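Pasting my_file-v2.txt here (compact mmCIF, C-alpha atoms):
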```txt
# COMPACT_ATOMS: atom_id res chain seq x y z
CA MET A 1 4.32 -23.98 -10.57
CA ILE A 2 2.83 -22.82 -7.27
CA GLY A 3 2.74 -25.62 -4.68
CA ASP A 4 1.00 -25.95 -1.31
CA ASN A 5 4.10 -24.73 0.52
CA ASP A 6 4.03 -21.53 -1.53
CA LEU A 7 0.34 -21.09 -0.74
CA LEU A 8 1.05 -21.52 2.98
CA LEU A 9 3.74 -18.89 2.64
CA ILE A 10 1.33 -16.52 0.89
CA GLU A 11 -1.24 -17.04 3.65
CA ASP A 12 1.35 -16.45 6.41
CA TYR A 13 2.58 -13.36 4.58
CA LEU A 14 -0.93 -11.90 4.35
CA ASP A 15 -1.70 -12.85 7.97
CA ASP A 16 1.53 -11.16 9.08
CA GLN A 17 2.87 -14.42 10.48
CA LEU A 18 6.35 -14.35 8.91
CA SER A 19 9.48 -13.29 10.78
CA GLY A 20 11.48 -10.35 9.45
CA VAL A 21 13.95 -12.56 7.59
CA GLN A 22 11.23 -14.83 6.15
CA ARG A 23 9.33 -11.81 5.00
CA GLN A 24 12.37 -10.32 3.30
CA GLN A 25 13.15 -13.61 1.54
CA PHE A 26 9.55 -13.94 0.39
CA GLU A 27 9.54 -10.40 -0.98
CA GLN A 28 12.75 -11.11 -2.87
CA ARG A 29 11.03 -14.11 -4.45
CA LEU A 30 8.02 -11.97 -5.36
CA ALA A 31 10.28 -9.60 -7.26
CA LYS A 32 11.71 -12.48 -9.30
CA GLU A 33 8.66 -14.76 -9.71
CA PRO A 34 5.70 -13.06 -11.46
CA GLU A 35 3.54 -16.19 -11.07
CA LEU A 36 3.94 -16.04 -7.27
CA ALA A 37 3.24 -12.30 -7.29
CA ALA A 38 0.06 -12.84 -9.33
CA GLU A 39 -1.09 -15.54 -6.91
CA LEU A 40 -0.44 -13.24 -3.94
CA LYS A 41 -2.54 -10.56 -5.62
CA ILE A 42 -5.53 -12.85 -6.03
CA TYR A 43 -5.21 -14.18 -2.45
CA ARG A 44 -5.12 -10.63 -1.18
CA LYS A 45 -8.26 -9.87 -3.19
CA MET A 46 -9.99 -12.92 -1.68
CA ASN A 47 -9.17 -11.65 1.81
CA GLN A 48 -10.70 -8.27 0.95
CA HIS A 49 -13.87 -9.98 -0.29
CA LEU A 50 -14.02 -12.14 2.83
CA GLU A 51 -13.63 -9.03 4.99
CA THR A 52 -16.52 -7.39 3.11
CA GLN A 53 -18.58 -10.55 3.53
CA VAL A 54 -18.01 -10.51 7.30
CA LYS A 55 -19.01 -6.85 7.40
CA VAL A 56 -22.17 -7.40 5.37
CA ASN A 57 -23.20 -10.40 7.51
CA LYS A 58 -22.58 -8.58 10.77
CA GLN A 59 -24.38 -5.40 9.73
CA LYS A 60 -27.34 -7.44 8.52
CA GLU A 61 -27.49 -9.25 11.86
CA TRP A 62 -27.25 -6.01 13.83
CA LYS A 63 -29.86 -4.21 11.73
CA ALA A 64 -32.27 -7.09 12.39
CA LEU A 65 -31.52 -6.90 16.10
CA LEU A 66 -32.12 -3.13 16.16
CA ALA A 67 -35.36 -3.50 14.19
CA GLU A 68 -36.51 -6.12 16.69
CA GLU A 69 -35.68 -3.78 19.59
CA ARG A 70 -37.57 -0.94 17.91
CA GLY A 71 -40.56 -3.25 17.49
CA LYS A 72 -40.48 -4.15 21.18
CA GLN A 73 -40.27 -0.51 22.23
CA GLN A 74 -43.12 0.56 19.98
CA SER A 75 -45.49 -2.17 21.17
CA ALA A 76 -44.80 -1.74 24.88
CA PRO A 77 -47.54 0.22 26.76
CA PRO A 78 -45.17 2.68 28.49
CA ALA A 79 -43.85 3.72 25.09
CA ARG A 80 -47.39 4.45 23.92
CA LEU A 81 -48.01 6.55 27.01
CA ARG A 82 -44.73 8.31 26.39
CA ARG A 83 -45.80 9.03 22.84
CA MET A 84 -49.07 10.54 24.10
CA TYR A 85 -47.07 12.68 26.45
CA TYR A 86 -44.83 13.84 23.59
CA ILE A 87 -47.86 14.69 21.44
CA ALA A 88 -49.43 16.65 24.31
CA SER A 89 -46.11 18.44 24.93
CA ALA A 90 -45.76 19.26 21.25
CA ALA A 91 -49.31 20.65 21.13
CA ALA A 92 -48.61 22.78 24.20
CA ALA A 93 -45.38 24.01 22.66
CA VAL A 94 -47.20 25.00 19.46
CA LEU A 95 -49.82 26.89 21.48
CA LEU A 96 -47.10 28.68 23.45
CA LEU A 97 -45.28 29.53 20.25
CA VAL A 98 -48.44 30.97 18.71
CA ALA A 99 -49.07 33.02 21.86
CA PHE A 100 -45.44 34.14 21.84
CA PHE A 101 -45.68 35.38 18.27
CA PHE A 102 -48.98 37.21 18.72
CA LEU A 103 -48.62 38.63 22.19
CA LEU A 104 -44.96 39.40 22.66
CA PRO A 105 -42.49 41.54 20.74
CA GLY A 106 -39.83 39.60 18.76
CA PRO A 107 -36.60 38.65 20.49
CA SER A 108 -33.58 40.94 20.27
CA ASN A 109 -30.53 39.93 18.23
CA PRO A 110 -28.47 38.95 21.30
CA ASP A 111 -31.45 36.86 22.48
CA LEU A 112 -31.59 35.16 19.08
CA ALA A 113 -27.86 34.47 19.28
CA GLU A 114 -28.33 32.86 22.71
CA ALA A 115 -31.29 30.80 21.52
CA TYR A 116 -29.51 29.50 18.44
CA TRP A 117 -26.34 28.88 20.37
CA GLY A 118 -28.43 26.46 22.42
CA GLU A 119 -29.19 24.55 19.22
CA SER A 120 -25.46 23.97 18.78
CA ALA A 121 -25.04 22.64 22.30
CA ALA A 122 -24.88 19.06 20.99
CA PHE A 123 -21.84 19.97 18.95
CA PHE A 124 -20.03 21.43 21.93
CA SER A 125 -20.88 18.40 24.01
CA THR A 126 -19.11 16.31 21.33
CA LEU A 127 -16.04 18.47 21.89
CA THR A 128 -16.19 17.64 25.54
CA GLU A 129 -16.70 13.96 24.86
CA ARG A 130 -13.44 14.16 22.96
CA GLY A 131 -11.76 11.30 21.14
CA GLU A 132 -11.34 13.15 17.86
CA ALA A 133 -9.75 16.40 18.90
CA PRO A 134 -6.06 16.62 18.00
CA SER A 135 -5.41 18.23 21.34
CA SER A 136 -3.05 17.46 24.17
CA PRO A 137 -4.41 15.37 27.09
CA ASP A 138 -3.37 18.26 29.38
CA ASN A 139 -6.29 20.23 27.96
CA SER A 140 -8.94 17.73 29.02
CA GLN A 141 -9.58 19.61 32.27
CA ALA A 142 -10.67 22.65 30.24
CA TYR A 143 -13.27 20.53 28.45
CA GLN A 144 -14.61 19.18 31.73
CA LEU A 145 -14.85 22.69 33.19
CA PHE A 146 -16.64 23.92 30.06
CA GLU A 147 -19.10 21.05 30.32
CA GLN A 148 -19.78 22.04 33.94
CA GLY A 149 -20.49 25.63 32.88
CA GLN A 150 -17.30 26.98 34.52
CA TYR A 151 -16.28 29.02 31.49
CA LYS A 152 -13.77 31.31 33.21
CA SER A 153 -11.94 28.34 34.72
CA ALA A 154 -12.04 26.57 31.34
CA LEU A 155 -10.35 29.58 29.73
CA GLU A 156 -7.77 29.67 32.49
CA ALA A 157 -7.05 25.96 32.00
CA LEU A 158 -6.62 26.50 28.25
CA ARG A 159 -4.30 29.44 28.92
CA GLN A 160 -2.06 27.25 31.05
CA ALA A 161 -2.13 24.36 28.55
CA GLY A 162 0.32 23.77 25.75
CA PRO A 163 -0.21 24.72 22.11
CA LEU A 164 -3.89 24.83 21.21
CA SER A 165 -5.44 22.77 18.43
CA GLU A 166 -8.26 24.09 16.24
CA VAL A 167 -10.80 22.27 18.41
CA ASP A 168 -9.29 23.93 21.50
CA LEU A 169 -9.68 27.30 19.76
CA LEU A 170 -13.33 26.55 19.06
CA LEU A 171 -13.84 25.74 22.72
CA GLN A 172 -12.00 28.90 23.74
CA GLY A 173 -14.25 30.99 21.48
CA ALA A 174 -17.32 29.21 22.83
CA ALA A 175 -16.31 29.98 26.42
CA HIS A 176 -15.91 33.69 25.58
CA PHE A 177 -19.31 33.62 23.87
CA GLN A 178 -20.90 32.12 26.99
CA LEU A 179 -19.28 34.88 29.07
CA GLN A 180 -20.77 37.51 26.70
CA GLN A 181 -17.23 38.48 25.64
CA SER A 182 -18.27 38.83 22.00
CA ASP A 183 -15.15 40.68 20.80
CA GLU A 184 -12.81 37.96 21.97
CA ALA A 185 -15.12 35.23 20.61
CA ILE A 186 -15.25 37.01 17.23
CA ARG A 187 -11.47 37.29 17.12
CA LEU A 188 -10.97 33.57 17.78
CA PHE A 189 -13.66 32.31 15.37
CA GLN A 190 -12.38 34.69 12.66
CA GLN A 191 -8.83 33.40 13.23
CA LEU A 192 -10.07 29.83 12.66
CA LEU A 193 -12.04 30.83 9.59
CA ASP A 194 -8.98 32.55 8.09
CA ASP A 195 -6.75 29.53 8.66
CA PRO A 196 -6.52 27.73 5.28
CA ASN A 197 -5.68 24.42 6.99
CA THR A 198 -8.55 24.24 9.43
CA LEU A 199 -11.06 21.42 9.12
CA SER A 200 -13.57 23.27 11.27
CA LYS A 201 -14.43 26.16 8.92
CA ASP A 202 -18.15 25.34 8.90
CA GLU A 203 -18.33 25.27 12.67
CA ALA A 204 -16.25 28.48 12.94
CA ARG A 205 -18.49 30.30 10.43
CA TRP A 206 -21.67 29.42 12.34
CA CYS A 207 -20.16 30.41 15.68
CA LEU A 208 -18.80 33.66 14.24
CA ALA A 209 -22.23 34.60 12.89
CA LEU A 210 -23.77 34.04 16.32
CA ALA A 211 -21.01 36.03 18.03
CA TYR A 212 -21.70 38.99 15.70
CA LEU A 213 -25.38 38.66 16.45
CA GLN A 214 -24.64 38.63 20.17
CA LYS A 215 -22.90 41.97 19.62
CA ASP A 216 -25.94 43.17 17.64
CA GLN A 217 -23.86 43.44 14.45
CA VAL A 218 -26.46 42.07 12.05
CA ALA A 219 -24.67 43.38 8.96
CA GLN A 220 -21.67 41.15 9.72
CA ALA A 221 -23.72 38.13 10.75
CA ARG A 222 -26.03 38.10 7.73
CA PRO A 223 -23.46 37.30 4.94
CA LEU A 224 -21.98 34.50 7.04
CA LEU A 225 -25.39 32.92 7.55
CA GLN A 226 -26.20 33.37 3.87
CA GLN A 227 -22.95 31.58 2.96
CA ILE A 228 -23.88 28.67 5.26
CA ILE A 229 -27.30 28.47 3.60
CA ASP A 230 -25.92 28.72 0.05
CA GLN A 231 -23.38 25.96 0.67
CA GLN A 232 -25.88 23.86 2.63
CA ALA A 233 -23.07 23.63 5.15
CA TRP A 234 -23.27 22.47 8.74
CA ASN A 235 -26.35 23.94 10.51
CA TRP A 236 -27.77 25.41 7.30
CA LYS A 237 -31.30 24.62 8.41
CA PRO A 238 -31.03 26.54 11.72
CA ALA A 239 -29.26 29.29 9.74
CA THR A 240 -32.29 29.52 7.42
CA ARG A 241 -34.66 29.75 10.38
CA LEU A 242 -32.46 32.33 12.04
CA MET A 243 -32.40 34.50 8.90
CA GLU A 244 -36.19 34.31 8.75
CA GLU A 245 -36.47 35.36 12.38
CA MET A 246 -34.05 38.23 11.83
CA GLY A 247 -36.34 39.40 9.04
CA GLY A 248 -35.59 42.90 7.77
CA ARG A 249 -33.46 43.98 10.71
CA MET B 1 -16.97 -7.88 25.92
CA ASN B 2 -18.72 -11.12 24.97
CA GLU B 3 -21.35 -11.41 22.24
CA GLY B 4 -24.31 -10.85 24.58
CA ASP B 5 -22.66 -7.80 26.13
CA PHE B 6 -21.88 -6.44 22.69
CA LYS B 7 -25.49 -6.81 21.52
CA ARG B 8 -26.73 -4.94 24.59
CA PHE B 9 -24.10 -2.28 23.95
CA LEU B 10 -25.13 -2.06 20.29
CA VAL B 11 -28.74 -1.24 21.22
CA GLU B 12 -27.70 1.34 23.82
CA ALA B 13 -25.11 2.92 21.51
CA HIS B 14 -27.69 3.17 18.71
CA GLN B 15 -30.15 4.94 21.02
CA TYR B 16 -27.38 7.27 22.16
CA CYS B 17 -25.82 8.08 18.77
CA LEU B 18 -28.73 8.41 16.34
CA PRO B 19 -30.47 11.45 17.90
CA ARG B 20 -27.10 13.17 18.23
CA LEU B 21 -26.22 12.53 14.59
CA VAL B 22 -29.64 13.75 13.45
CA ARG B 23 -29.08 16.89 15.53
CA LEU B 24 -25.99 17.50 13.40
CA ASN B 25 -28.34 17.72 10.40
CA ALA B 26 -27.56 14.19 9.20
CA PRO B 27 -30.55 12.68 7.34
CA ARG B 28 -31.83 9.63 9.22
CA HIS B 29 -30.67 7.19 6.53
CA ASP B 30 -27.15 8.66 6.40
CA ALA B 31 -26.99 8.70 10.19
CA GLU B 32 -27.86 4.97 10.26
CA ASP B 33 -25.15 4.25 7.66
CA ALA B 34 -22.53 6.25 9.54
CA PHE B 35 -23.46 4.47 12.77
CA MET B 36 -23.25 1.04 11.11
CA GLU B 37 -19.81 1.81 9.65
CA ALA B 38 -18.57 3.04 13.02
CA ILE B 39 -19.99 0.19 15.08
CA TYR B 40 -18.45 -2.34 12.69
CA GLN B 41 -15.03 -0.70 13.07
CA PHE B 42 -15.55 -0.65 16.84
CA TRP B 43 -16.44 -4.37 16.82
CA ARG B 44 -13.33 -5.17 14.76
CA ASP B 45 -11.22 -3.16 17.20
CA ILE B 46 -12.65 -5.22 20.05
CA GLN B 47 -11.89 -8.46 18.18
CA ASP B 48 -8.30 -7.28 17.64
CA GLY B 49 -7.96 -6.31 21.31
CA LYS B 50 -7.54 -2.63 20.45
CA VAL B 51 -10.30 -1.32 22.73
CA SER B 52 -8.59 -1.28 26.09
CA HIS B 53 -10.15 1.59 28.02
CA GLU B 54 -13.37 1.29 29.97
CA GLY B 55 -14.41 4.92 29.52
CA ASN B 56 -17.51 6.17 27.78
CA LEU B 57 -17.63 3.71 24.89
CA LYS B 58 -20.95 5.06 23.58
CA ALA B 59 -19.36 8.49 23.24
CA LEU B 60 -16.42 6.89 21.46
CA VAL B 61 -18.77 5.24 18.95
CA PHE B 62 -20.61 8.54 18.54
CA VAL B 63 -17.38 10.37 17.71
CA MET B 64 -16.46 7.60 15.23
CA SER B 65 -19.93 7.89 13.62
CA ARG B 66 -19.75 11.66 13.53
CA ASN B 67 -16.36 11.56 11.81
CA ARG B 68 -17.72 9.19 9.17
CA TRP B 69 -20.75 11.38 8.57
CA LEU B 70 -18.67 14.55 8.31
CA GLY B 71 -16.16 12.81 6.04
CA ARG B 72 -18.94 11.72 3.73
CA LEU B 73 -20.41 15.22 3.77
CA ARG B 74 -17.07 16.79 2.86
CA LYS B 75 -16.52 14.27 0.09
CA SER B 76 -19.96 14.93 -1.41
CA ARG B 77 -19.34 18.68 -1.26
CA ARG B 78 -16.09 18.36 -3.18
CA GLY B 79 -17.60 16.65 -6.23
CA ASN B 80 -21.27 17.48 -6.36
CA LEU B 81 -22.64 17.13 -9.87
CA LYS B 82 -26.24 17.87 -8.91
CA GLU B 83 -25.91 21.54 -9.73
CA TYR B 84 -24.79 20.76 -13.29
CA ASN B 85 -26.69 19.57 -16.31
CA THR B 86 -25.30 16.12 -17.09
CA ASP B 87 -27.70 15.17 -19.88
CA PRO B 88 -25.41 13.88 -22.70
CA VAL B 89 -27.71 15.20 -25.44
CA ASP B 90 -27.70 18.70 -23.96
CA LEU B 91 -23.95 18.55 -23.62
CA LEU B 92 -23.48 17.58 -27.29
CA ASN B 93 -25.65 20.47 -28.40
CA MET B 94 -23.73 23.00 -26.42
CA ASP B 95 -21.29 25.41 -27.91
CA LEU B 96 -18.21 23.81 -26.43
CA GLU B 97 -16.04 26.87 -26.67
CA ALA B 98 -18.50 29.08 -24.90
CA TYR B 99 -19.25 26.32 -22.51
CA ALA B 100 -15.61 25.77 -21.59
CA GLY B 101 -15.40 29.44 -20.74
CA GLN B 102 -18.43 29.19 -18.53
CA ASP B 103 -17.43 26.28 -16.42
CA ALA B 104 -14.60 23.94 -17.40
CA ALA B 105 -14.80 22.25 -14.02
CA GLN B 106 -17.95 20.45 -15.15
CA PHE B 107 -15.93 18.34 -17.56
CA ASP B 108 -13.55 17.29 -14.82
CA LEU B 109 -16.49 16.25 -12.70
CA LEU B 110 -18.07 14.31 -15.58
CA ILE B 111 -14.83 12.47 -16.26
CA LYS B 112 -14.43 11.78 -12.57
CA GLN B 113 -17.98 10.45 -12.41
CA GLU B 114 -17.43 8.20 -15.41
CA GLU B 115 -14.30 6.79 -13.83
CA GLU B 116 -16.13 6.24 -10.57
CA ASP B 117 -19.01 4.51 -12.38
CA ALA B 118 -16.59 2.22 -14.22
CA ALA B 119 -14.76 1.37 -10.99
CA ALA B 120 -18.08 0.70 -9.23
CA SER B 121 -19.23 -1.57 -12.06
CA LYS B 122 -15.95 -3.53 -11.98
CA LYS B 123 -16.18 -3.85 -8.23
CA ALA B 124 -19.77 -5.10 -8.44
CA SER B 125 -18.90 -7.81 -10.96
CA GLU B 126 -15.90 -8.90 -8.86
CA GLU B 127 -18.13 -9.11 -5.79
CA ALA B 128 -20.72 -11.17 -7.66
CA ARG B 129 -18.00 -13.54 -8.90
CA PHE B 130 -16.61 -13.90 -5.40
CA LYS B 131 -20.05 -14.58 -3.95
CA HIS B 132 -20.69 -17.27 -6.53
CA ALA B 133 -17.31 -18.91 -5.86
CA PHE B 134 -17.80 -18.67 -2.09
CA GLU B 135 -21.19 -20.39 -2.30
CA GLN B 136 -19.56 -23.38 -3.97
CA LEU B 137 -17.51 -24.10 -0.82
CA ASN B 138 -18.87 -26.45 1.83
CA GLU B 139 -20.34 -25.01 5.04
CA LYS B 140 -17.27 -25.86 7.13
CA CYS B 141 -14.91 -24.07 4.75
CA ARG B 142 -17.15 -21.01 4.61
CA GLU B 143 -17.29 -20.76 8.39
CA LEU B 144 -13.53 -21.32 8.73
CA LEU B 145 -12.63 -18.63 6.18
CA LEU B 146 -14.99 -16.01 7.61
CA ARG B 147 -14.05 -16.64 11.23
CA PHE B 148 -10.36 -16.67 10.36
CA ILE B 149 -10.64 -13.12 9.00
CA VAL B 150 -11.86 -11.86 12.36
CA GLU B 151 -10.22 -14.25 14.81
CA LYS B 152 -6.78 -14.83 13.28
CA LYS B 153 -5.13 -13.19 16.26
CA ARG B 154 -6.76 -15.76 18.57
CA LEU B 155 -5.82 -18.82 16.57
CA LYS B 156 -5.67 -21.20 19.54
CA ASP B 157 -9.25 -20.32 20.59
CA LEU B 158 -10.44 -20.62 17.00
CA GLN B 159 -8.75 -24.01 16.62
CA GLN B 160 -10.48 -25.34 19.75
CA SER B 161 -13.82 -23.81 18.89
CA LEU B 162 -13.85 -25.37 15.42
CA GLY B 163 -12.50 -28.74 16.68
CA TYR B 164 -9.11 -28.91 14.94
CA VAL B 165 -6.31 -30.88 16.64
CA SER B 166 -3.64 -28.22 16.35
CA VAL B 167 -2.92 -24.71 15.10
CA ASP B 168 -0.99 -26.21 12.16
CA ALA B 169 -4.03 -28.34 11.27
CA ILE B 170 -6.34 -25.33 11.16
CA LYS B 171 -3.85 -23.35 9.07
CA MET B 172 -3.56 -26.25 6.63
CA ALA B 173 -7.37 -26.56 6.43
CA LYS B 174 -7.68 -22.84 5.81
CA MET B 175 -5.09 -23.00 3.03
CA ARG B 176 -7.04 -25.82 1.32
CA CYS B 177 -10.34 -23.95 1.60
CA LYS B 178 -8.76 -20.79 0.20
CA LYS B 179 -7.17 -22.80 -2.60
CA SER B 180 -10.61 -24.13 -3.58
CA LEU B 181 -12.10 -20.64 -3.39
CA VAL B 182 -9.40 -19.24 -5.67
CA LYS B 183 -9.87 -22.16 -8.07
CA TYR B 184 -13.63 -21.52 -8.35
CA TYR B 185 -13.01 -17.79 -8.69
CA LYS B 186 -10.49 -18.26 -11.50
CA THR B 187 -12.80 -20.68 -13.31
CA LEU B 188 -15.64 -18.15 -13.22
CA LEU B 189 -13.31 -15.44 -14.47
CA GLN B 190 -12.20 -17.62 -17.40
CA GLN B 191 -15.84 -18.40 -18.28
CA GLU B 192 -16.68 -14.68 -18.27
CA GLU B 193 -13.69 -13.89 -20.45
CA LYS B 194 -14.76 -16.54 -23.00
CA VAL B 195 -18.21 -14.97 -23.21
```
Before anything else, please render the file you have as structure tokens.
Amino acid sequence: MIGDNDLLLIEDYLDDQLSGVQRQQFEQRLAKEPELAAELKIYRKMNQHLETQVKVNKQKEWKALLAEERGKQQSAPPARLRRMYYIASAAAAVLLLVAFFFLLPGPSNPDLAEAYWGESAAFFSTLTERGEAPSSPDNSQAYQLFEQGQYKSALEALRQAGPLSEVDLLLQGAAHFQLQQSDEAIRLFQQLLDDPNTLSKDEARWCLALAYLQKDQVAQARPLLQQIIDQQAWNWKPATRLMEEMGGR
Amino acid sequence: MNEGDFKRFLVEAHQYCLPRLVRLNAPRHDAEDAFMEAIYQFWRDIQDGKVSHEGNLKALVFVMSRNRWLGRLRKSRRGNLKEYNTDPVDLLNMDLEAYAGQDAAQFDLLIKQEEEDAAASKKASEEARFKHAFEQLNEKCRELLLRFIVEKKRLKDLQQSLGYVSVDAIKMAKMRCKKSLVKYYKTLLQQEEKV
């Protein structure tokens, strides 16, 4: 029969409130008393449900708060003016684009590579914001230098740093790309793509395609882009647009 | 970070993270989900005193959101059934031998999906049972149990905030509330089993 003292023990066990010895003794009892073990199981389940309940309540509250904020922003006059400005800008951009297509020759492959590299800038800024990269803190200077556009210094900092993680290699390749050193960028992105353990294959494939394009090697870039599109991998939409722009080259 | 500060941070972090997630090709709805998962984890980390640095917290939440979005994307890529015909009638009419030669992996995916559906259904009925049991508790018990989950590391503050005379008193009250919850839950389970 499970009494209140046992229930207090179960609660303290789940709340991590028992000392090492108490915990050991309790676990020995669990091994011998199936009724106690079954009760622990259901108490643990209740805690999981309570945790979910807290999460659901909080997310509901925050979604309501964000919706309210959105409502405020949409009804405020400056926002309306801003929207008008965006519409006007968009219209101007469309006109420019039309003029660009009709009046000017199409961009070269290296130009396309540069333009589409710009679309990936957000990704590289996440590298510099860090937090997820399994890299040594000594390498942080390289990320700051990259962010400031000092690509040579970023490469030098990476050279002096310890062993490089896959994210560091991506940054290294990106710095070479920015310095128009396509061969070195291709070598690094290919190395990442060939590594069976890398988690950044999608990113490496996209960057490699652009590096080939920068070197005007369309035949190498095209299958990589096609693979991105077929797998609907990261950046498959820009890859589709890029393929269209490359046309029959 | 107090509650008011957190709410201000939430709005700013949302404005910061969403456009960046969408730029990574995340559909708006998925981006919102990833952000909500990340901001909840961030809030729990604050409650547990795990967020110590004063650096760029919005960027931290963005990286957490991005990891959740990419994780979900990778998971969906691993077991995507969309490209297969899953109509049971079509499957029955197929020449199984020829079919197995064509793509045996489809069967693995179907079995996996069935298992996932069964697990999801079990989880949903457990959640409904819990909700029903939880609603039978009085307001004070409900508040105590939910706040305890988040604030158990600040028991003294929680005790004072909820007006209990000592830490032991609040632990005893929590045990009684939990005992009632478990009792209601077990009763509902027995009723379902009878049916």
Polymer residues at most 10 Å from (-22.4, -6.6, 19.8) by only C-alpha atoms, as number ranges by chain
A: 58, 61-62, 65; B: 1-11, 39-40, 42-43, 46
Mind giving me the straight-line distance from atom CA of B:Lys140 to atom CA of B:Gly163 in Å, one decimal?
11.1 Å
With distances taken over all atoms listed in the file, which of A:Ala93, A:Ala239, A:Ala154, A:Ala211 is nearest to chain B?
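Among A:Ala93, A:Ala239, A:Ala154, A:Ala211, it is A:Ala239 that comes nearest to chain B.
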Using all atoms listed in the file, the shortest atom-to-atom distance to chain A among B:Met175, B:Ile170, B:Leu188, B:Ala119 belongs to B:Met175
Calculated over only C-alpha atoms, which of the candidates A:Gln22, A:Gln28, A:Gln227, A:Asn47 has the smallest distance to chain B?
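Among the listed residues, A:Asn47 lies closest to chain B.
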Provide the atom CA of B:Glu116 to atom CA of B:Leu73 distance in Å, to one decimal place.
17.5 Å
Compare B:Leu158, B:Met172, B:Cys177, B:Val167 by their minimum atom-to-atom distance to chain A, counting all atoms listed in the file, and give me the closest one.
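So, comparing all the options, the nearest one is B:Met172.
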